[in-house]
Amino acid sequence: MISYQKLTKERLDKFIELRINQLREEGATEDIDLVPALQDYYARHMADGTFVSWLAIDDDEIVGTSGMSFVEKPPYFGCPNGRIGLLSSMYTDPGHRRMGIAKELLSRVVEEARNYGCGCVQITASDMGVLLYTDFGFVKNGNFMQYNF
């Protein structure tokens with residue numbers, strides 16, 4: 001049975017391990033140790049409320065992750081309040097794919113962005129994720145995909 005929980009400091013090390021697995025799967029070149037930078041980023045932004053993540057848990061193991069960073073840019077026509085949710089860290093363990101986990105995680109972090117007051121959510125999608133985001137309602141917008149509220 002899959003349960004869903006928000007990321008806490010206690011699970012941050014495993015979350016970072018899965019984030020690095022995701023980057024490797026997407027073909028990233030590892031030329032530095034990214035762990036310290038990720039630990040710093042997540043600790044700071046979880047503390048100030050500008051990063052939130054929902055996790056999928058199966059038998060106390062994280063099997064899916066999501067992430068939403070909240071940023072503010074000068075307002076523009078596509079997002080008149082300038083508040084943007086930047087979606088990241090969407091990852092599901094290969095043994096748990098095709099079970100609706102990613103869709104559930106996406107729904108939860110998009111709702112977090114809505115509650116934060118974001119006017120839109122943006123992501124640079126991997127090839128694997130395009131169908132998920134398109135089915136959810138994201139549309140291509142130049143070099144990124146965007147979901148408008």
# chains A, B, ... in the order shown; residues from 1 in each chain; ligands from 1
>>> select_by_dssp(residues="region 16-131 of chain A", states="strand (DSSP E or B)", output="count of residues only")
35
>>> residues_around(residues="region 100-106 of chain A", least_positions_apart="5", cutoff="7 Å", atoms="only C-alpha atoms", output="JSON, numbers by chain")
{"A": [54, 56, 64, 66, 92]}
>>> closest_residue(among="A:His96, A:Tyr91, A:Leu131, A:Thr50", to="Cys118 (chain A)", atoms="only C-alpha atoms")
A:Thr50
>>> closest_residue(among="A:Val139, A:Leu7, A:Ala47, A:Ile84", to="Arg114 (chain A)", atoms="only C-alpha atoms")
A:Ile84
>>> residues_around(residues="Leu86 (chain A)", least_positions_apart="4", cutoff="8 Å", atoms="only C-alpha atoms", output="CSV table (one decimal) with N, CA and C atoms, in the first residue's frame")
chain,number,residue,atom,x,y,z
A,68,MET,N,8.7,21.1,-5.5
A,68,MET,CA,8.2,22.4,-6.0
A,68,MET,C,9.0,23.5,-5.3
A,69,SER,N,9.7,24.3,-6.1
A,69,SER,CA,10.3,25.5,-5.6
A,69,SER,C,9.5,26.7,-6.0
A,70,PHE,N,9.3,27.6,-5.1
A,70,PHE,CA,8.5,28.8,-5.3
A,70,PHE,C,9.5,30.0,-5.5
A,71,VAL,N,9.3,30.6,-6.7
A,71,VAL,CA,10.1,31.8,-7.0
A,71,VAL,C,9.2,32.9,-7.4
A,121,VAL,N,2.9,26.9,-13.0
A,121,VAL,CA,3.9,25.9,-12.7
A,121,VAL,C,4.7,25.7,-14.0
A,122,GLN,N,6.0,25.6,-13.9
A,122,GLN,CA,6.8,25.4,-15.0
A,122,GLN,C,7.7,24.2,-14.7
A,123,ILE,N,8.1,23.5,-15.8
A,123,ILE,CA,9.1,22.4,-15.7
A,123,ILE,C,9.8,22.3,-17.0
>>> residues_around(residues="region 25-35 of chain A", least_positions_apart="2", cutoff="10 Å", atoms="only C-alpha atoms", output="list in words")
Asp13, Ile16, Glu17, Arg19, Ile20, Asn21, Gln22, Leu23, Ala37, Leu38, Gln39, Asp40, Tyr41, Tyr91, Ser126, Asp127 and Met128 of chain A
>>> write_last_selection(atoms="N, CA and C atoms", output="mmCIF file, in the first residue's frame")
data_model
loop_
_atom_site.group_PDB
_atom_site.id
_atom_site.type_symbol
_atom_site.label_atom_id
_atom_site.label_comp_id
_atom_site.auth_asym_id
_atom_site.auth_seq_id
_atom_site.Cartn_x
_atom_site.Cartn_y
_atom_site.Cartn_z
ATOM 1 N N ASP A 13 18.365 12.712 3.333
ATOM 2 C CA ASP A 13 19.494 11.996 2.725
ATOM 3 C C ASP A 13 19.022 11.019 1.644
ATOM 4 N N ILE A 16 17.837 12.939 -1.442
ATOM 5 C CA ILE A 16 18.975 13.389 -2.260
ATOM 6 C C ILE A 16 19.554 12.229 -3.062
ATOM 7 N N GLU A 17 19.641 11.066 -2.462
ATOM 8 C CA GLU A 17 20.123 9.874 -3.189
ATOM 9 C C GLU A 17 19.236 9.592 -4.403
ATOM 10 N N ARG A 19 17.313 11.806 -5.937
ATOM 11 C CA ARG A 19 17.486 12.925 -6.878
ATOM 12 C C ARG A 19 18.706 12.674 -7.763
ATOM 13 N N ILE A 20 19.784 12.211 -7.184
ATOM 14 C CA ILE A 20 20.994 11.922 -7.962
ATOM 15 C C ILE A 20 20.740 10.746 -8.905
ATOM 16 N N ASN A 21 20.005 9.729 -8.451
ATOM 17 C CA ASN A 21 19.638 8.618 -9.340
ATOM 18 C C ASN A 21 18.831 9.135 -10.534
ATOM 19 N N GLN A 22 17.914 10.061 -10.263
ATOM 20 C CA GLN A 22 17.108 10.642 -11.331
ATOM 21 C C GLN A 22 18.003 11.355 -12.351
ATOM 22 N N LEU A 23 18.912 12.171 -11.870
ATOM 23 C CA LEU A 23 19.803 12.911 -12.768
ATOM 24 C C LEU A 23 20.646 11.953 -13.602
ATOM 25 N N ALA A 37 25.780 20.541 -2.154
ATOM 26 C CA ALA A 37 24.958 21.623 -2.696
ATOM 27 C C ALA A 37 23.476 21.306 -2.548
ATOM 28 N N LEU A 38 23.090 20.053 -2.784
ATOM 29 C CA LEU A 38 21.693 19.656 -2.619
ATOM 30 C C LEU A 38 21.269 19.740 -1.152
ATOM 31 N N GLN A 39 22.138 19.272 -0.241
ATOM 32 C CA GLN A 39 21.811 19.364 1.190
ATOM 33 C C GLN A 39 21.591 20.816 1.598
ATOM 34 N N ASP A 40 22.465 21.706 1.147
ATOM 35 C CA ASP A 40 22.347 23.126 1.475
ATOM 36 C C ASP A 40 21.051 23.705 0.911
ATOM 37 N N TYR A 41 20.790 23.444 -0.371
ATOM 38 C CA TYR A 41 19.594 23.990 -1.018
ATOM 39 C C TYR A 41 18.323 23.544 -0.297
ATOM 40 N N TYR A 91 10.375 11.733 -9.675
ATOM 41 C CA TYR A 91 11.072 10.470 -9.879
ATOM 42 C C TYR A 91 10.285 9.343 -9.226
ATOM 43 N N SER A 126 11.752 15.875 -18.878
ATOM 44 C CA SER A 126 12.521 14.819 -19.539
ATOM 45 C C SER A 126 11.612 14.165 -20.577
ATOM 46 N N ASP A 127 12.204 13.439 -21.496
ATOM 47 C CA ASP A 127 11.404 12.734 -22.498
ATOM 48 C C ASP A 127 10.398 11.798 -21.835
ATOM 49 N N MET A 128 10.820 11.173 -20.749
ATOM 50 C CA MET A 128 9.963 10.217 -20.056
ATOM 51 C C MET A 128 8.753 10.906 -19.421
#
>>> closest_residue(among="A:Val110, A:Leu87, A:Ile57, A:Leu132", to="Lys6 (chain A)", atoms="only C-alpha atoms")
A:Ile57
>>> select_by_dssp(residues="region 86-138 of chain A", states="helix (DSSP H, G or I)", output="list of chain:residue names")
A:Pro94, A:Gly95, A:His96, A:Ile101, A:Ala102, A:Lys103, A:Glu104, A:Leu105, A:Leu106, A:Ser107, A:Arg108, A:Val109, A:Val110, A:Glu111, A:Glu112, A:Ala113, A:Arg114, A:Asn115, A:Tyr116, A:Val130, A:Leu131, A:Leu132, A:Tyr133, A:Thr134, A:Asp135, A:Phe136
>>> atom_distance(atom1="CA of Phe77 (chain A)", atom2="CA of Asn115 (chain A)")
20.6 Å
>>> decode(residues="region 41-85 of chain A", atoms="N, CA and C atoms", output="mmCIF file, in the first residue's frame")
data_model
loop_
_atom_site.group_PDB
_atom_site.id
_atom_site.type_symbol
_atom_site.label_atom_id
_atom_site.label_comp_id
_atom_site.auth_asym_id
_atom_site.auth_seq_id
_atom_site.Cartn_x
_atom_site.Cartn_y
_atom_site.Cartn_z
ATOM 1 N N TYR A 41 20.790 23.444 -0.371
ATOM 2 C CA TYR A 41 19.594 23.990 -1.018
ATOM 3 C C TYR A 41 18.323 23.544 -0.297
ATOM 4 N N TYR A 42 18.176 22.229 -0.135
ATOM 5 C CA TYR A 42 16.937 21.720 0.445
ATOM 6 C C TYR A 42 16.766 22.175 1.890
ATOM 7 N N ALA A 43 17.824 22.176 2.675
ATOM 8 C CA ALA A 43 17.715 22.609 4.077
ATOM 9 C C ALA A 43 17.260 24.067 4.154
ATOM 10 N N ARG A 44 17.871 24.944 3.372
ATOM 11 C CA ARG A 44 17.503 26.361 3.405
ATOM 12 C C ARG A 44 16.083 26.599 2.926
ATOM 13 N N HIS A 45 15.743 25.982 1.814
ATOM 14 C CA HIS A 45 14.447 26.286 1.207
ATOM 15 C C HIS A 45 13.280 25.542 1.854
ATOM 16 N N MET A 46 13.543 24.408 2.478
ATOM 17 C CA MET A 46 12.486 23.779 3.276
ATOM 18 C C MET A 46 12.221 24.642 4.509
ATOM 19 N N ALA A 47 13.292 25.188 5.102
ATOM 20 C CA ALA A 47 13.153 26.002 6.308
ATOM 21 C C ALA A 47 12.377 27.292 6.045
ATOM 22 N N ASP A 48 12.610 27.915 4.877
ATOM 23 C CA ASP A 48 11.915 29.188 4.619
ATOM 24 C C ASP A 48 10.610 29.007 3.842
ATOM 25 N N GLY A 49 10.234 27.757 3.562
ATOM 26 C CA GLY A 49 8.947 27.486 2.924
ATOM 27 C C GLY A 49 8.928 27.668 1.419
ATOM 28 N N THR A 50 10.101 27.821 0.787
ATOM 29 C CA THR A 50 10.119 28.011 -0.661
ATOM 30 C C THR A 50 10.454 26.718 -1.421
ATOM 31 N N PHE A 51 10.473 25.592 -0.721
ATOM 32 C CA PHE A 51 10.576 24.293 -1.377
ATOM 33 C C PHE A 51 9.717 23.318 -0.582
ATOM 34 N N VAL A 52 8.937 22.524 -1.320
ATOM 35 C CA VAL A 52 8.122 21.483 -0.706
ATOM 36 C C VAL A 52 8.202 20.240 -1.584
ATOM 37 N N SER A 53 8.126 19.100 -0.951
ATOM 38 C CA SER A 53 8.156 17.836 -1.676
ATOM 39 C C SER A 53 7.166 16.871 -1.045
ATOM 40 N N TRP A 54 6.485 16.138 -1.906
ATOM 41 C CA TRP A 54 5.673 15.012 -1.463
ATOM 42 C C TRP A 54 6.394 13.744 -1.877
ATOM 43 N N LEU A 55 6.318 12.740 -1.027
ATOM 44 C CA LEU A 55 6.971 11.453 -1.255
ATOM 45 C C LEU A 55 5.930 10.346 -1.314
ATOM 46 N N ALA A 56 6.211 9.340 -2.125
ATOM 47 C CA ALA A 56 5.431 8.108 -2.124
ATOM 48 C C ALA A 56 6.225 7.100 -1.300
ATOM 49 N N ILE A 57 5.566 6.487 -0.333
ATOM 50 C CA ILE A 57 6.222 5.572 0.601
ATOM 51 C C ILE A 57 5.581 4.193 0.476
ATOM 52 N N ASP A 58 6.424 3.181 0.338
ATOM 53 C CA ASP A 58 5.969 1.790 0.314
ATOM 54 C C ASP A 58 6.795 1.020 1.340
ATOM 55 N N ASP A 59 6.152 0.536 2.365
ATOM 56 C CA ASP A 59 6.837 -0.221 3.424
ATOM 57 C C ASP A 59 8.009 0.577 4.005
ATOM 58 N N ASP A 60 7.769 1.846 4.295
ATOM 59 C CA ASP A 60 8.726 2.797 4.882
ATOM 60 C C ASP A 60 9.901 3.139 3.954
ATOM 61 N N GLU A 61 9.829 2.765 2.693
ATOM 62 C CA GLU A 61 10.855 3.134 1.708
ATOM 63 C C GLU A 61 10.284 4.172 0.754
ATOM 64 N N ILE A 62 11.074 5.185 0.431
ATOM 65 C CA ILE A 62 10.654 6.183 -0.553
ATOM 66 C C ILE A 62 10.735 5.545 -1.940
ATOM 67 N N VAL A 63 9.610 5.532 -2.644
ATOM 68 C CA VAL A 63 9.577 4.953 -3.988
ATOM 69 C C VAL A 63 9.216 5.990 -5.050
ATOM 70 N N GLY A 64 8.902 7.204 -4.607
ATOM 71 C CA GLY A 64 8.593 8.281 -5.547
ATOM 72 C C GLY A 64 8.823 9.620 -4.883
ATOM 73 N N THR A 65 9.289 10.569 -5.690
ATOM 74 C CA THR A 65 9.566 11.907 -5.162
ATOM 75 C C THR A 65 8.992 12.973 -6.089
ATOM 76 N N SER A 66 8.806 14.133 -5.511
ATOM 77 C CA SER A 66 8.397 15.309 -6.267
ATOM 78 C C SER A 66 9.016 16.510 -5.578
ATOM 79 N N GLY A 67 9.039 17.622 -6.259
ATOM 80 C CA GLY A 67 9.547 18.830 -5.630
ATOM 81 C C GLY A 67 8.962 20.064 -6.295
ATOM 82 N N MET A 68 8.736 21.097 -5.488
ATOM 83 C CA MET A 68 8.231 22.355 -6.022
ATOM 84 C C MET A 68 8.976 23.480 -5.317
ATOM 85 N N SER A 69 9.664 24.287 -6.120
ATOM 86 C CA SER A 69 10.324 25.491 -5.613
ATOM 87 C C SER A 69 9.454 26.674 -5.977
ATOM 88 N N PHE A 70 9.343 27.602 -5.057
ATOM 89 C CA PHE A 70 8.533 28.788 -5.282
ATOM 90 C C PHE A 70 9.454 29.978 -5.516
ATOM 91 N N VAL A 71 9.286 30.636 -6.650
ATOM 92 C CA VAL A 71 10.099 31.799 -7.002
ATOM 93 C C VAL A 71 9.169 32.932 -7.410
ATOM 94 N N GLU A 72 9.723 34.121 -7.395
ATOM 95 C CA GLU A 72 8.957 35.275 -7.848
ATOM 96 C C GLU A 72 9.774 36.016 -8.884
ATOM 97 N N LYS A 73 9.133 36.289 -10.003
ATOM 98 C CA LYS A 73 9.748 37.029 -11.096
ATOM 99 C C LYS A 73 8.904 38.278 -11.333
ATOM 100 N N PRO A 74 9.438 39.213 -12.069
ATOM 101 C CA PRO A 74 8.583 40.351 -12.424
ATOM 102 C C PRO A 74 7.332 39.836 -13.148
ATOM 103 N N PRO A 75 6.177 40.376 -12.822
ATOM 104 C CA PRO A 75 4.956 39.916 -13.481
ATOM 105 C C PRO A 75 5.058 40.027 -15.009
ATOM 106 N N TYR A 76 4.393 39.101 -15.681
ATOM 107 C CA TYR A 76 4.299 39.133 -17.132
ATOM 108 C C TYR A 76 2.907 38.644 -17.509
ATOM 109 N N PHE A 77 2.563 38.775 -18.779
ATOM 110 C CA PHE A 77 1.188 38.471 -19.185
ATOM 111 C C PHE A 77 0.774 37.035 -18.868
ATOM 112 N N GLY A 78 1.687 36.088 -18.980
ATOM 113 C CA GLY A 78 1.350 34.695 -18.694
ATOM 114 C C GLY A 78 1.253 34.380 -17.212
ATOM 115 N N CYS A 79 1.772 35.267 -16.364
ATOM 116 C CA CYS A 79 1.744 35.069 -14.914
ATOM 117 C C CYS A 79 1.736 36.441 -14.251
ATOM 118 N N PRO A 80 0.571 37.087 -14.187
ATOM 119 C CA PRO A 80 0.486 38.477 -13.743
ATOM 120 C C PRO A 80 0.934 38.761 -12.312
ATOM 121 N N ASN A 81 0.972 37.739 -11.438
ATOM 122 C CA ASN A 81 1.468 38.013 -10.087
ATOM 123 C C ASN A 81 2.962 37.694 -9.943
ATOM 124 N N GLY A 82 3.560 37.089 -10.956
ATOM 125 C CA GLY A 82 4.990 36.795 -10.940
ATOM 126 C C GLY A 82 5.400 35.607 -10.098
ATOM 127 N N ARG A 83 4.466 35.016 -9.355
ATOM 128 C CA ARG A 83 4.806 33.851 -8.524
ATOM 129 C C ARG A 83 4.732 32.583 -9.365
ATOM 130 N N ILE A 84 5.839 31.855 -9.369
ATOM 131 C CA ILE A 84 5.954 30.672 -10.217
ATOM 132 C C ILE A 84 6.359 29.477 -9.376
ATOM 133 N N GLY A 85 5.748 28.345 -9.652
ATOM 134 C CA GLY A 85 6.186 27.085 -9.080
ATOM 135 C C GLY A 85 7.097 26.404 -10.091
#
